[in-house]
file final-v1.txt (compact mmCIF, C-alpha atoms)
# COMPACT_ATOMS: atom_id res chain seq x y z
CA MET F 1 -89.02 -70.65 -35.96
CA ASP F 2 -89.61 -71.06 -39.69
CA THR F 3 -90.80 -67.47 -39.92
CA LEU F 4 -87.72 -66.17 -38.12
CA LEU F 5 -84.88 -68.14 -39.74
CA SER F 6 -84.13 -69.02 -43.33
CA ASP F 7 -83.15 -72.58 -44.24
CA ARG F 8 -79.50 -71.57 -44.39
CA GLN F 9 -79.65 -69.86 -40.99
CA ARG F 10 -81.46 -72.82 -39.44
CA HIS F 11 -78.87 -75.23 -40.88
CA ASP F 12 -75.96 -73.16 -39.51
CA LEU F 13 -77.64 -72.91 -36.11
CA HIS F 14 -78.08 -76.68 -35.89
CA LYS F 15 -74.45 -77.22 -36.87
CA SER F 16 -73.22 -74.75 -34.26
CA MET F 17 -75.43 -76.45 -31.64
CA LEU F 18 -74.00 -79.84 -32.55
CA GLY F 19 -70.49 -78.39 -32.40
CA TYR F 20 -71.11 -77.01 -28.91
CA LEU F 21 -72.66 -80.25 -27.62
CA HIS F 22 -69.76 -82.28 -28.99
CA SER F 23 -67.07 -80.01 -27.53
CA ALA F 24 -68.90 -79.87 -24.18
CA GLY F 25 -69.11 -83.66 -23.95
CA PHE F 26 -72.88 -83.99 -24.19
CA THR F 27 -72.64 -87.15 -26.34
CA LYS F 28 -76.19 -88.45 -25.92
CA THR F 29 -77.75 -85.06 -26.63
CA PHE F 30 -75.41 -84.68 -29.63
CA GLU F 31 -76.57 -88.00 -31.11
CA GLN F 32 -80.22 -87.27 -30.38
CA LEU F 33 -80.11 -83.89 -32.13
CA ARG F 34 -78.28 -85.35 -35.14
CA GLN F 35 -80.96 -88.00 -35.51
CA GLU F 36 -83.79 -85.45 -35.29
CA ALA F 37 -82.19 -83.14 -37.86
CA PRO F 38 -82.27 -85.13 -41.14
CA ASP F 39 -80.00 -82.76 -43.00
CA LEU F 40 -77.27 -83.36 -40.39
CA ALA F 41 -77.42 -87.13 -40.14
CA ASP F 42 -73.91 -87.42 -41.56
CA PHE F 43 -72.53 -84.40 -39.59
CA GLU F 44 -68.87 -84.61 -38.65
CA LEU F 45 -67.12 -82.01 -36.52
CA ASP F 46 -64.81 -79.79 -38.61
CA ALA F 47 -62.45 -77.58 -36.64
CA THR F 48 -62.06 -75.23 -39.61
CA ALA F 49 -65.79 -74.76 -40.25
CA THR F 50 -67.17 -71.25 -39.78
CA THR F 51 -69.92 -72.63 -37.57
CA ASN F 52 -67.45 -74.16 -35.13
CA GLY F 53 -67.68 -72.30 -31.78
CA LEU F 54 -70.26 -69.95 -33.26
CA LEU F 55 -72.81 -70.52 -30.48
CA VAL F 56 -70.33 -69.58 -27.74
CA LYS F 57 -69.20 -66.50 -29.66
CA LYS F 58 -72.77 -65.35 -30.20
CA TRP F 59 -73.67 -65.90 -26.55
CA THR F 60 -70.61 -63.93 -25.39
CA SER F 61 -71.56 -61.12 -27.74
CA VAL F 62 -75.08 -61.02 -26.29
CA ILE F 63 -73.70 -60.71 -22.75
CA LYS F 64 -71.40 -57.89 -23.80
CA MET F 65 -74.24 -56.18 -25.60
CA GLN F 66 -76.48 -56.43 -22.53
CA LYS F 67 -73.78 -54.82 -20.38
CA LYS F 68 -73.36 -52.06 -22.95
CA ILE F 69 -77.11 -51.44 -23.02
CA MET F 70 -77.22 -51.20 -19.22
CA GLU F 71 -74.31 -48.76 -19.26
CA LEU F 72 -75.97 -46.61 -21.92
CA GLU F 73 -79.28 -46.65 -20.01
CA SER F 74 -77.47 -45.46 -16.89
CA ARG F 75 -75.73 -42.68 -18.81
CA LEU F 76 -79.03 -41.68 -20.41
CA ALA F 77 -80.73 -41.47 -17.01
CA GLN F 78 -77.89 -39.28 -15.72
CA ALA F 79 -78.06 -37.09 -18.82
CA LEU F 80 -81.83 -36.69 -18.41
CA GLU F 81 -81.36 -35.69 -14.78
CA GLU F 82 -78.76 -33.10 -15.74
CA PHE F 83 -80.93 -31.94 -18.62
CA THR F 84 -83.77 -31.27 -16.17
CA ASN F 85 -81.52 -29.05 -14.07
CA SER F 86 -79.38 -27.57 -16.81
CA ASN F 87 -79.35 -24.85 -19.37
CA HIS F 88 -81.26 -26.73 -22.08
CA LEU F 89 -84.58 -25.00 -21.56
CA PRO F 90 -86.81 -22.95 -23.85
CA SER F 91 -85.25 -19.73 -25.10
CA ASP F 92 -88.17 -17.70 -23.74
CA GLY F 93 -86.24 -17.21 -20.49
CA SER F 94 -88.36 -19.51 -18.35
CA LYS F 95 -85.19 -21.37 -17.40
CA ARG F 96 -84.20 -18.37 -15.28
CA ALA F 97 -87.19 -19.00 -13.00
CA ARG F 98 -87.02 -22.78 -12.93
CA LYS F 99 -87.26 -23.85 -9.29
CA GLU F 100 -85.17 -26.99 -9.67
CA TRP F 101 -82.21 -25.42 -11.50
CA LEU F 102 -78.80 -26.36 -10.15
CA PRO F 103 -75.45 -24.82 -11.12
CA SER F 104 -73.16 -26.85 -13.38
CA GLU F 105 -69.86 -26.39 -15.17
CA PRO F 106 -68.68 -24.24 -16.76
CA ALA F 107 -69.38 -20.90 -15.09
CA SER F 108 -71.56 -18.55 -17.14
CA ARG F 109 -69.06 -15.72 -16.82
CA THR F 110 -65.91 -14.77 -14.96
CA LEU F 111 -65.48 -11.32 -13.45
CA VAL F 112 -61.87 -10.12 -13.56
CA GLY F 113 -60.57 -7.05 -11.74
CA HIS F 114 -59.55 -7.81 -8.17
CA ARG F 115 -55.87 -8.06 -7.34
CA ASP F 116 -56.10 -10.48 -4.43
CA LYS F 117 -58.39 -13.22 -3.12
CA ILE F 118 -62.14 -12.70 -2.78
CA ASN F 119 -63.51 -12.88 0.78
CA ALA F 120 -67.23 -12.28 0.21
CA VAL F 121 -69.91 -11.74 -2.42
CA SER F 122 -73.37 -10.22 -1.94
CA PHE F 123 -76.28 -9.80 -4.37
CA HIS F 124 -78.41 -6.68 -4.52
CA PRO F 125 -81.99 -7.62 -3.52
CA HIS F 126 -83.64 -6.03 -6.57
CA TYR F 127 -81.19 -5.51 -9.42
CA SER F 128 -78.58 -7.50 -11.31
CA VAL F 129 -75.87 -6.04 -9.10
CA LEU F 130 -73.20 -7.95 -7.19
CA ALA F 131 -70.73 -6.64 -4.60
CA SER F 132 -67.44 -8.46 -4.03
CA ALA F 133 -65.06 -7.85 -1.12
CA SER F 134 -61.36 -8.59 -1.48
CA VAL F 135 -58.06 -8.77 0.33
CA ASP F 136 -56.93 -6.02 -2.09
CA ALA F 137 -58.81 -3.59 0.24
CA THR F 138 -61.51 -2.80 -2.32
CA VAL F 139 -65.15 -3.62 -2.93
CA LYS F 140 -66.16 -3.95 -6.56
CA ILE F 141 -69.68 -3.48 -7.87
CA TRP F 142 -70.59 -5.58 -10.89
CA ASP F 143 -73.51 -6.06 -13.24
CA TRP F 144 -73.54 -9.83 -13.05
CA GLU F 145 -75.78 -10.23 -16.11
CA THR F 146 -73.33 -8.47 -18.43
CA GLY F 147 -70.14 -9.02 -16.44
CA ASP F 148 -69.38 -5.29 -16.50
CA LEU F 149 -67.51 -3.64 -13.62
CA GLU F 150 -69.62 -0.65 -12.58
CA ARG F 151 -67.36 0.85 -9.93
CA THR F 152 -64.66 0.17 -7.33
CA LEU F 153 -65.18 1.29 -3.74
CA LYS F 154 -62.01 2.43 -2.00
CA GLY F 155 -61.94 3.47 1.63
CA HIS F 156 -60.66 0.57 3.64
CA ALA F 157 -56.94 0.42 4.39
CA LYS F 158 -56.69 -3.36 4.68
CA ALA F 159 -58.46 -6.49 3.45
CA VAL F 160 -62.25 -6.21 3.15
CA THR F 161 -63.69 -9.28 4.86
CA ASP F 162 -67.45 -9.06 4.28
CA CYS F 163 -70.23 -7.10 2.56
CA ASP F 164 -74.02 -7.06 2.76
CA PHE F 165 -76.85 -5.07 1.16
CA ASP F 166 -79.82 -4.05 3.30
CA SER F 167 -83.23 -5.47 2.40
CA ALA F 168 -84.13 -2.40 0.32
CA GLY F 169 -80.81 -2.35 -1.52
CA LYS F 170 -80.20 1.28 -0.51
CA VAL F 171 -77.21 0.74 1.79
CA LEU F 172 -74.16 -1.51 1.52
CA VAL F 173 -72.20 -2.37 4.67
CA THR F 174 -68.60 -3.61 4.58
CA SER F 175 -66.13 -4.81 7.22
CA SER F 176 -62.36 -4.92 7.18
CA ASN F 177 -59.17 -5.92 8.90
CA ASP F 178 -58.54 -2.19 9.36
CA LEU F 179 -60.96 -2.44 12.36
CA PHE F 180 -63.64 -0.34 10.63
CA ILE F 181 -67.14 -0.97 9.31
CA LYS F 182 -68.27 1.32 6.50
CA LEU F 183 -71.73 2.21 5.24
CA TRP F 184 -72.16 3.12 1.57
CA ASN F 185 -75.18 4.94 0.11
CA VAL F 186 -76.10 2.93 -2.98
CA VAL F 187 -78.52 5.55 -4.33
CA GLU F 188 -75.91 8.32 -4.14
CA ASP F 189 -73.27 6.52 -6.18
CA TYR F 190 -72.10 4.47 -3.20
CA LEU F 191 -71.08 7.46 -1.11
CA ASN F 192 -69.35 6.34 2.10
CA PHE F 193 -71.55 8.21 4.58
CA ALA F 194 -70.50 6.55 7.84
CA THR F 195 -67.66 4.63 9.47
CA LEU F 196 -68.27 2.53 12.58
CA ARG F 197 -65.38 2.34 15.04
CA GLY F 198 -65.03 0.20 18.13
CA HIS F 199 -63.60 -3.24 17.35
CA GLU F 200 -60.08 -3.85 18.65
CA HIS F 201 -59.00 -6.47 16.11
CA SER F 202 -59.83 -7.65 12.57
CA ILE F 203 -63.55 -7.74 11.78
CA SER F 204 -64.63 -11.12 10.36
CA SER F 205 -68.20 -10.53 9.26
CA VAL F 206 -71.02 -8.00 9.19
CA ARG F 207 -74.77 -8.27 8.53
CA PHE F 208 -77.86 -6.08 8.64
CA LEU F 209 -80.33 -7.03 11.33
CA PRO F 210 -83.99 -7.35 10.25
CA GLY F 211 -85.44 -3.86 9.89
CA ASP F 212 -82.15 -2.45 8.51
CA THR F 213 -81.74 0.07 11.37
CA ARG F 214 -78.91 -1.92 12.99
CA VAL F 215 -75.96 -4.00 11.87
CA VAL F 216 -74.17 -6.77 13.73
CA SER F 217 -70.49 -7.67 13.40
CA SER F 218 -68.05 -10.30 14.66
CA SER F 219 -64.36 -9.91 15.27
CA ARG F 220 -61.04 -11.42 16.19
CA ASP F 221 -61.33 -9.38 19.42
CA ASN F 222 -63.74 -12.15 20.55
CA THR F 223 -66.78 -9.88 20.53
CA VAL F 224 -70.02 -9.42 18.63
CA ARG F 225 -71.11 -5.81 18.38
CA VAL F 226 -74.46 -4.27 17.46
CA TRP F 227 -74.48 -0.85 15.81
CA ASP F 228 -77.15 1.78 15.21
CA VAL F 229 -77.05 2.80 11.55
CA GLN F 230 -78.46 6.31 12.10
CA THR F 231 -76.21 7.33 15.00
CA THR F 232 -73.27 5.02 14.05
CA HIS F 233 -72.91 4.18 17.76
CA CYS F 234 -72.12 0.75 19.12
CA ILE F 235 -75.18 -0.03 21.24
CA LYS F 236 -74.33 -3.51 22.46
CA VAL F 237 -71.30 -5.75 22.97
CA LEU F 238 -71.69 -9.52 23.36
CA ARG F 239 -69.02 -12.10 24.22
CA PRO F 240 -70.44 -15.52 23.32
CA HIS F 241 -66.96 -17.00 22.68
CA GLU F 242 -63.50 -16.62 24.18
CA GLU F 243 -61.70 -16.92 20.83
CA TRP F 244 -61.85 -15.38 17.35
CA ILE F 245 -65.48 -15.19 16.18
CA ARG F 246 -65.46 -16.08 12.51
CA SER F 247 -69.06 -15.33 11.59
CA VAL F 248 -72.35 -13.95 12.92
CA ARG F 249 -75.80 -14.42 11.39
CA PRO F 250 -79.10 -13.11 12.81
CA SER F 251 -82.29 -15.15 12.96
CA LEU F 252 -85.24 -14.22 10.77
CA ASP F 253 -86.83 -12.15 13.55
CA GLY F 254 -83.52 -10.73 14.78
CA ARG F 255 -83.91 -12.07 18.32
CA LEU F 256 -81.12 -14.64 18.07
CA LEU F 257 -77.55 -14.54 16.79
CA LEU F 258 -75.73 -17.58 15.43
CA THR F 259 -71.96 -17.35 15.78
CA CYS F 260 -69.01 -19.67 15.13
CA SER F 261 -65.48 -19.50 16.40
CA ASN F 262 -61.93 -20.79 16.62
CA ASP F 263 -63.01 -22.54 19.83
CA PHE F 264 -64.44 -25.34 17.59
CA THR F 265 -68.04 -24.39 18.48
CA ALA F 266 -71.07 -22.55 17.12
CA ARG F 267 -73.40 -20.85 19.58
CA ILE F 268 -76.83 -19.24 19.60
CA THR F 269 -77.13 -16.09 21.72
CA GLU F 270 -80.23 -14.11 22.57
CA LEU F 271 -79.57 -10.57 21.42
CA GLU F 272 -81.57 -8.76 24.11
CA SER F 273 -80.26 -10.65 27.16
CA ALA F 274 -76.87 -11.69 25.73
CA LEU F 275 -77.50 -15.19 27.13
CA VAL F 276 -76.11 -18.19 25.24
CA LYS F 277 -79.11 -20.40 24.46
CA ALA F 278 -77.33 -23.31 22.76
CA GLU F 279 -73.80 -24.54 22.16
CA MET F 280 -72.95 -26.79 19.22
CA ARG F 281 -69.74 -28.69 19.92
CA ASP F 282 -68.66 -31.60 17.71
CA HIS F 283 -66.17 -30.21 15.18
CA ASP F 284 -62.47 -31.05 15.45
CA ASN F 285 -61.17 -27.72 14.16
CA PHE F 286 -62.08 -24.05 13.70
CA VAL F 287 -65.67 -23.46 12.56
CA GLU F 288 -65.56 -21.14 9.55
CA CYS F 289 -69.26 -20.63 8.81
CA ALA F 290 -72.65 -21.11 10.42
CA VAL F 291 -76.17 -20.49 9.08
CA PHE F 292 -79.72 -21.09 10.25
CA VAL F 293 -81.63 -23.57 8.09
CA PRO F 294 -84.40 -21.56 6.35
CA ALA F 295 -88.02 -22.59 6.78
CA ILE F 296 -88.24 -23.74 3.15
CA ALA F 297 -85.51 -26.34 3.81
CA THR F 298 -86.87 -27.59 7.15
CA PRO F 299 -89.11 -30.35 5.67
CA ALA F 300 -86.15 -31.86 3.77
CA VAL F 301 -83.95 -31.71 6.86
CA ARG F 302 -86.65 -33.35 8.99
CA GLU F 303 -86.93 -36.13 6.41
CA LEU F 304 -83.15 -36.60 6.48
CA VAL F 305 -82.98 -37.07 10.26
CA ALA F 306 -86.41 -38.74 10.64
CA MET F 307 -87.85 -36.01 12.89
CA PRO F 308 -91.46 -35.46 11.76
CA ALA F 309 -92.96 -32.06 12.48
CA ASN F 310 -95.74 -31.60 15.02
CA ALA F 311 -97.96 -28.71 16.11
CA GLN F 312 -95.36 -27.39 18.54
CA SER F 313 -92.38 -27.67 16.20
CA SER F 314 -94.21 -26.10 13.25
CA LYS F 315 -94.27 -22.69 14.96
CA VAL F 316 -90.53 -22.85 15.65
CA ASP F 317 -89.89 -24.08 12.10
CA SER F 318 -91.67 -21.02 10.70
CA LEU F 319 -89.15 -18.81 12.53
CA ALA F 320 -86.28 -20.74 10.87
CA ILE F 321 -84.51 -21.43 14.18
CA SER F 322 -85.09 -25.19 14.53
CA PHE F 323 -81.88 -26.23 12.76
CA ALA F 324 -78.47 -24.83 11.95
CA MET F 325 -75.61 -25.80 9.62
CA THR F 326 -71.89 -25.31 10.20
CA GLY F 327 -68.79 -25.72 8.05
CA SER F 328 -65.38 -26.33 9.54
CA ARG F 329 -61.68 -26.71 8.90
CA ASP F 330 -62.17 -30.37 9.80
CA LYS F 331 -63.57 -30.64 6.22
CA THR F 332 -67.11 -31.50 7.34
CA ILE F 333 -70.52 -29.85 7.32
CA LYS F 334 -72.75 -30.55 10.30
CA LEU F 335 -76.49 -30.27 10.79
CA TRP F 336 -77.63 -29.33 14.30
CA ASP F 337 -80.74 -29.29 16.41
CA ALA F 338 -80.37 -25.58 17.11
CA LEU F 339 -82.60 -25.66 20.18
CA ARG F 340 -80.66 -28.40 21.95
CA GLY F 341 -77.20 -28.08 20.41
CA ARG F 342 -77.22 -31.70 19.26
CA CYS F 343 -75.44 -32.83 16.08
CA LEU F 344 -77.94 -34.67 13.85
CA TRP F 345 -75.98 -35.32 10.66
CA THR F 346 -72.48 -34.91 9.22
CA PHE F 347 -71.97 -34.27 5.50
CA ILE F 348 -68.65 -35.77 4.45
CA GLY F 349 -67.03 -35.21 1.06
CA HIS F 350 -64.93 -32.05 0.98
CA ASP F 351 -61.14 -32.42 0.99
CA GLY F 352 -60.40 -28.98 2.44
CA TRP F 353 -61.65 -26.33 4.86
CA VAL F 354 -65.35 -25.63 4.34
CA GLN F 355 -65.67 -21.88 3.86
CA ALA F 356 -69.30 -21.03 3.05
CA LEU F 357 -72.82 -22.49 2.82
CA ALA F 358 -75.97 -21.51 0.90
CA PHE F 359 -79.40 -23.08 0.49
CA HIS F 360 -81.20 -23.74 -2.76
CA PRO F 361 -84.43 -21.68 -2.99
CA SER F 362 -86.46 -24.90 -3.33
CA GLY F 363 -85.22 -26.03 0.09
CA LYS F 364 -84.12 -29.39 -1.30
CA HIS F 365 -80.39 -28.76 -1.71
CA LEU F 366 -77.41 -27.30 0.12
CA LEU F 367 -74.47 -25.66 -1.64
CA SER F 368 -71.02 -25.51 -0.09
CA VAL F 369 -67.56 -24.29 -1.09
CA ALA F 370 -64.19 -25.26 0.32
CA ASP F 371 -60.44 -25.04 0.02
CA ASP F 372 -60.50 -28.16 -2.16
CA HIS F 373 -61.30 -25.76 -5.06
CA THR F 374 -64.86 -27.09 -5.40
CA MET F 375 -68.48 -26.14 -4.99
CA ARG F 376 -70.60 -29.10 -3.98
CA ILE F 377 -74.35 -29.64 -4.14
CA TRP F 378 -75.96 -31.86 -1.49
CA ASP F 379 -79.37 -33.52 -1.42
CA LEU F 380 -80.88 -32.48 1.90
CA THR F 381 -83.27 -35.44 2.02
CA THR F 382 -80.55 -38.09 1.68
CA GLY F 383 -77.35 -36.31 2.74
CA ARG F 384 -75.61 -37.37 -0.50
CA CYS F 385 -73.37 -35.15 -2.60
CA LEU F 386 -75.11 -34.85 -5.98
CA ARG F 387 -72.58 -32.77 -7.84
CA LYS F 388 -68.99 -31.58 -7.51
CA ILE F 389 -68.06 -28.47 -9.48
CA GLU F 390 -64.49 -27.31 -10.05
CA ALA F 391 -64.98 -23.66 -9.12
CA HIS F 392 -61.67 -21.92 -8.30
CA THR F 393 -57.97 -22.73 -8.12
CA PRO F 394 -56.66 -23.43 -5.60
CA PHE F 395 -59.26 -22.37 -3.01
CA THR F 396 -62.93 -21.39 -3.21
CA GLN F 397 -63.55 -18.81 -0.50
CA CYS F 398 -67.13 -17.56 -0.65
CA LEU F 399 -70.58 -18.28 -2.01
CA ALA F 400 -73.94 -16.56 -2.41
CA TRP F 401 -77.24 -17.54 -4.00
CA GLY F 402 -79.07 -14.67 -5.63
CA HIS F 403 -82.62 -15.90 -6.23
CA VAL F 404 -83.64 -12.30 -6.78
CA PRO F 405 -85.87 -10.04 -8.88
CA ALA F 406 -83.71 -8.62 -11.66
CA THR F 407 -84.13 -5.95 -14.30
CA GLU F 408 -84.68 -7.00 -17.87
CA GLY F 409 -85.86 -4.79 -20.69
CA GLY F 410 -86.49 -1.93 -18.31
CA THR F 411 -88.79 -3.93 -16.02
CA THR F 412 -88.29 -5.33 -12.55
CA GLY F 413 -89.64 -8.18 -10.52
CA ARG F 414 -88.47 -11.15 -12.55
CA ILE F 415 -87.16 -13.98 -10.40
CA VAL F 416 -83.70 -15.16 -11.44
CA ASN F 417 -81.53 -18.09 -10.38
CA VAL F 418 -77.89 -17.08 -10.00
CA VAL F 419 -74.96 -18.19 -7.87
CA ALA F 420 -71.73 -16.26 -7.27
CA THR F 421 -68.46 -17.65 -5.97
CA GLY F 422 -65.08 -16.09 -5.23
CA GLY F 423 -61.66 -17.63 -4.83
CA THR F 424 -57.99 -17.16 -4.11
CA ASP F 425 -57.50 -16.94 -7.87
CA GLU F 426 -58.75 -13.31 -7.61
CA LEU F 427 -61.80 -14.18 -9.69
CA VAL F 428 -65.54 -13.88 -9.15
CA LYS F 429 -67.59 -16.43 -11.07
CA ILE F 430 -71.24 -16.29 -12.00
CA TRP F 431 -73.26 -19.48 -12.38
CA CYS F 432 -76.69 -19.09 -13.95
CA PRO F 433 -78.97 -20.78 -16.51

call {"tool": "encode", "arguments": {"input": "final-v1.txt", "output": "structure tokens"}}
result
Amino acid sequence: MDTLLSDRQRHDLHKSMLGYLHSAGFTKTFEQLRQEAPDLADFELDATATTNGLLVKKWTSVIKMQKKIMELESRLAQALEEFTNSNHLPSDGSKRARKEWLPSEPASRTLVGHRDKINAVSFHPHYSVLASASVDATVKIWDWETGDLERTLKGHAKAVTDCDFDSAGKVLVTSSNDLFIKLWNVVEDYLNFATLRGHEHSISSVRFLPGDTRVVSSSRDNTVRVWDVQTTHCIKVLRPHEEWIRSVRPSLDGRLLLTCSNDFTARITELESALVKAEMRDHDNFVECAVFVPAIATPAVRELVAMPANAQSSKVDSLAISFAMTGSRDKTIKLWDALRGRCLWTFIGHDGWVQALAFHPSGKHLLSVADDHTMRIWDLTTGRCLRKIEAHTPFTQCLAWGHVPATEGGTTGRIVNVVATGGTDELVKIWCP
């Protein structure tokens, strides 16, 4: 003690201790301490003394300081977590390839040009090119790295509902409420070289099937149609639902189609036989989007629902057909056993219709957008919402993750993290490191 306190400090401490003991009614302890401290043998309590109540004040200050330290430690931990996933990485560009990067506010750039809400966005598989489809009946082609508008595709007479590049990036397919699907030759300055006719009501979505020789579309006419790209003929019509089919997505091998509808369900249909293999029914409103869980995300999903993989399930997992995710107007996201149609988990947090879903390339996170003007990031191993991003006002309509090789300095093949969103505010936003 002598090495820590000066004589004056020790004297003041003893006086404050005596003051506390006296005020607290510890008479015997008060007398004992006064006897053992010779310099305080004649101590009398003075209400005006600076040492009066000092011990209580100091103790209260310590408690407040401890709480402040704990608060600062918590904020530091949060800041470190965000730092790990944020933009503060070396300037050599390695941040663009960081596997654990997550989008955060604000958006890196905002693409302005559309005159109505954005229905869909699609990244080119090889270059820093983004296509956006809008209710203004146009598709715009952007360089998302610079934010420059490269061209506007006009050809549809009504709202363009969806767009998708083929795996080679040579053809862009678009769908519209004008009942037509159009194919655009990317290499030849996006020449519209074919129009597919056959749907009898608004077309909701369109996607290339694996192999790029066929496309599949869904419509408000309650059908899913398969088209041959070379002949432009409709080669198959499926009717997995009896109401408006909002979305269709093929499996990795193209054998199965995942659809969702206004009938509150999502269904998996075998393309060749047109047989419905599974029905997912648990939503309380229209199902807006449905996607297969990719193989990279299957381990996290299995951890979430405590379903360890085995030899039999591993083969199915590799085909990315074990699980599916759906987003609905009931404001929830649901995880399904795609083989049995059983709901395994419900992600709750959005305050509006869930419009689109995308998976993080690491397989550890799910991204979602909704009519509550947000993009949310979910931890797939715990089911918790990790981050809420104010994306568009008032509604966020579409989402795409472009973990793609991009050109830089005249070279190709560099992996880049980039997310695109579109909203009713007529804007496309780019989120990247």

call {"tool": "atom_distance", "arguments": {"input": "final-v1.txt", "atom1": "atom CA of F:Val206", "atom2": "atom CA of F:Leu111"}}
result
23.5 Å

call {"tool": "closest_residue", "arguments": {"input": "final-v1.txt", "among": "F:Phe264, F:Val171, F:Leu149, F:Val237", "to": "F:Glu188", "atoms": "only C-alpha atoms"}}
result
F:Val171

call {"tool": "closest_residue", "arguments": {"input": "final-v1.txt", "among": "F:Gln35, F:Thr396, F:Ser23, F:Ser251", "to": "F:Val316", "atoms": "only C-alpha atoms"}}
result
F:Ser251

call {"tool": "closest_residue", "arguments": {"input": "final-v1.txt", "among": "F:Glu200, F:Glu105, F:Glu288, F:Asp189", "to": "F:Ile141", "atoms": "only C-alpha atoms"}}
result
F:Asp189

call {"tool": "residues_around", "arguments": {"input": "final-v1.txt", "residues": "stretch 325-327 of chain F", "least_positions_apart": "3", "cutoff": "8 Å", "atoms": "all atoms listed in the file", "output": "list in words"}}
result
Ala266, Val287, Glu288, Cys289, Ala290, Val291, Phe292, Val293, Lys331, Thr332, Ile333, Lys334, Leu335, Trp336, Trp353, Val354, Gln355, Ala356 and Leu357 of chain F

call {"tool": "residues_near_point", "arguments": {"input": "final-v1.txt", "point": "(-54.9, -15.6, -10.0)", "cutoff": "9 Å", "atoms": "all atoms listed in the file", "output": "PDB file with C-alpha atoms, in the frame of the given file"}}
result
ATOM      1  CA  ARG F 115     -55.870  -8.060  -7.340  1.00  0.00           C
ATOM      2  CA  ASP F 116     -56.100 -10.480  -4.430  1.00  0.00           C
ATOM      3  CA  LYS F 117     -58.390 -13.220  -3.120  1.00  0.00           C
ATOM      4  CA  THR F 393     -57.970 -22.730  -8.120  1.00  0.00           C
ATOM      5  CA  GLY F 423     -61.660 -17.630  -4.830  1.00  0.00           C
ATOM      6  CA  THR F 424     -57.990 -17.160  -4.110  1.00  0.00           C
ATOM      7  CA  ASP F 425     -57.500 -16.940  -7.870  1.00  0.00           C
ATOM      8  CA  GLU F 426     -58.750 -13.310  -7.610  1.00  0.00           C
ATOM      9  CA  LEU F 427     -61.800 -14.180  -9.690  1.00  0.00           C
TER      10      LEU F 427
END

call {"tool": "residues_near_point", "arguments": {"input": "final-v1.txt", "point": "(-74.2, -27.8, -9.4)", "cutoff": "6 Å", "atoms": "only C-alpha atoms", "output": "PyMOL selection string"}}
result
chain F and resi 102-104+377+387

call {"tool": "residues_around", "arguments": {"input": "final-v1.txt", "residues": "F:Trp401", "least_positions_apart": "5", "cutoff": "8 Å", "atoms": "all atoms listed in the file", "output": "ChimeraX atom specification"}}
result
/F:123,358-360,417-420

call {"tool": "write_last_selection", "arguments": {"input": "final-v1.txt", "atoms": "C-alpha atoms", "output": "short mmCIF file (atom, residue, chain, number, x, y, z; two decimals), in the frame of the given file"}}
result
data_model
loop_
_atom_site.label_atom_id
_atom_site.label_comp_id
_atom_site.auth_asym_id
_atom_site.auth_seq_id
_atom_site.Cartn_x
_atom_site.Cartn_y
_atom_site.Cartn_z
CA PHE F 123 -76.28 -9.80 -4.37
CA ALA F 358 -75.97 -21.51 0.90
CA PHE F 359 -79.40 -23.08 0.49
CA HIS F 360 -81.20 -23.74 -2.76
CA ASN F 417 -81.53 -18.09 -10.38
CA VAL F 418 -77.89 -17.08 -10.00
CA VAL F 419 -74.96 -18.19 -7.87
CA ALA F 420 -71.73 -16.26 -7.27
#

call {"tool": "atom_distance", "arguments": {"input": "final-v1.txt", "atom1": "atom CA of F:Asn119", "atom2": "atom CA of F:Gly155"}}
result
16.4 Å
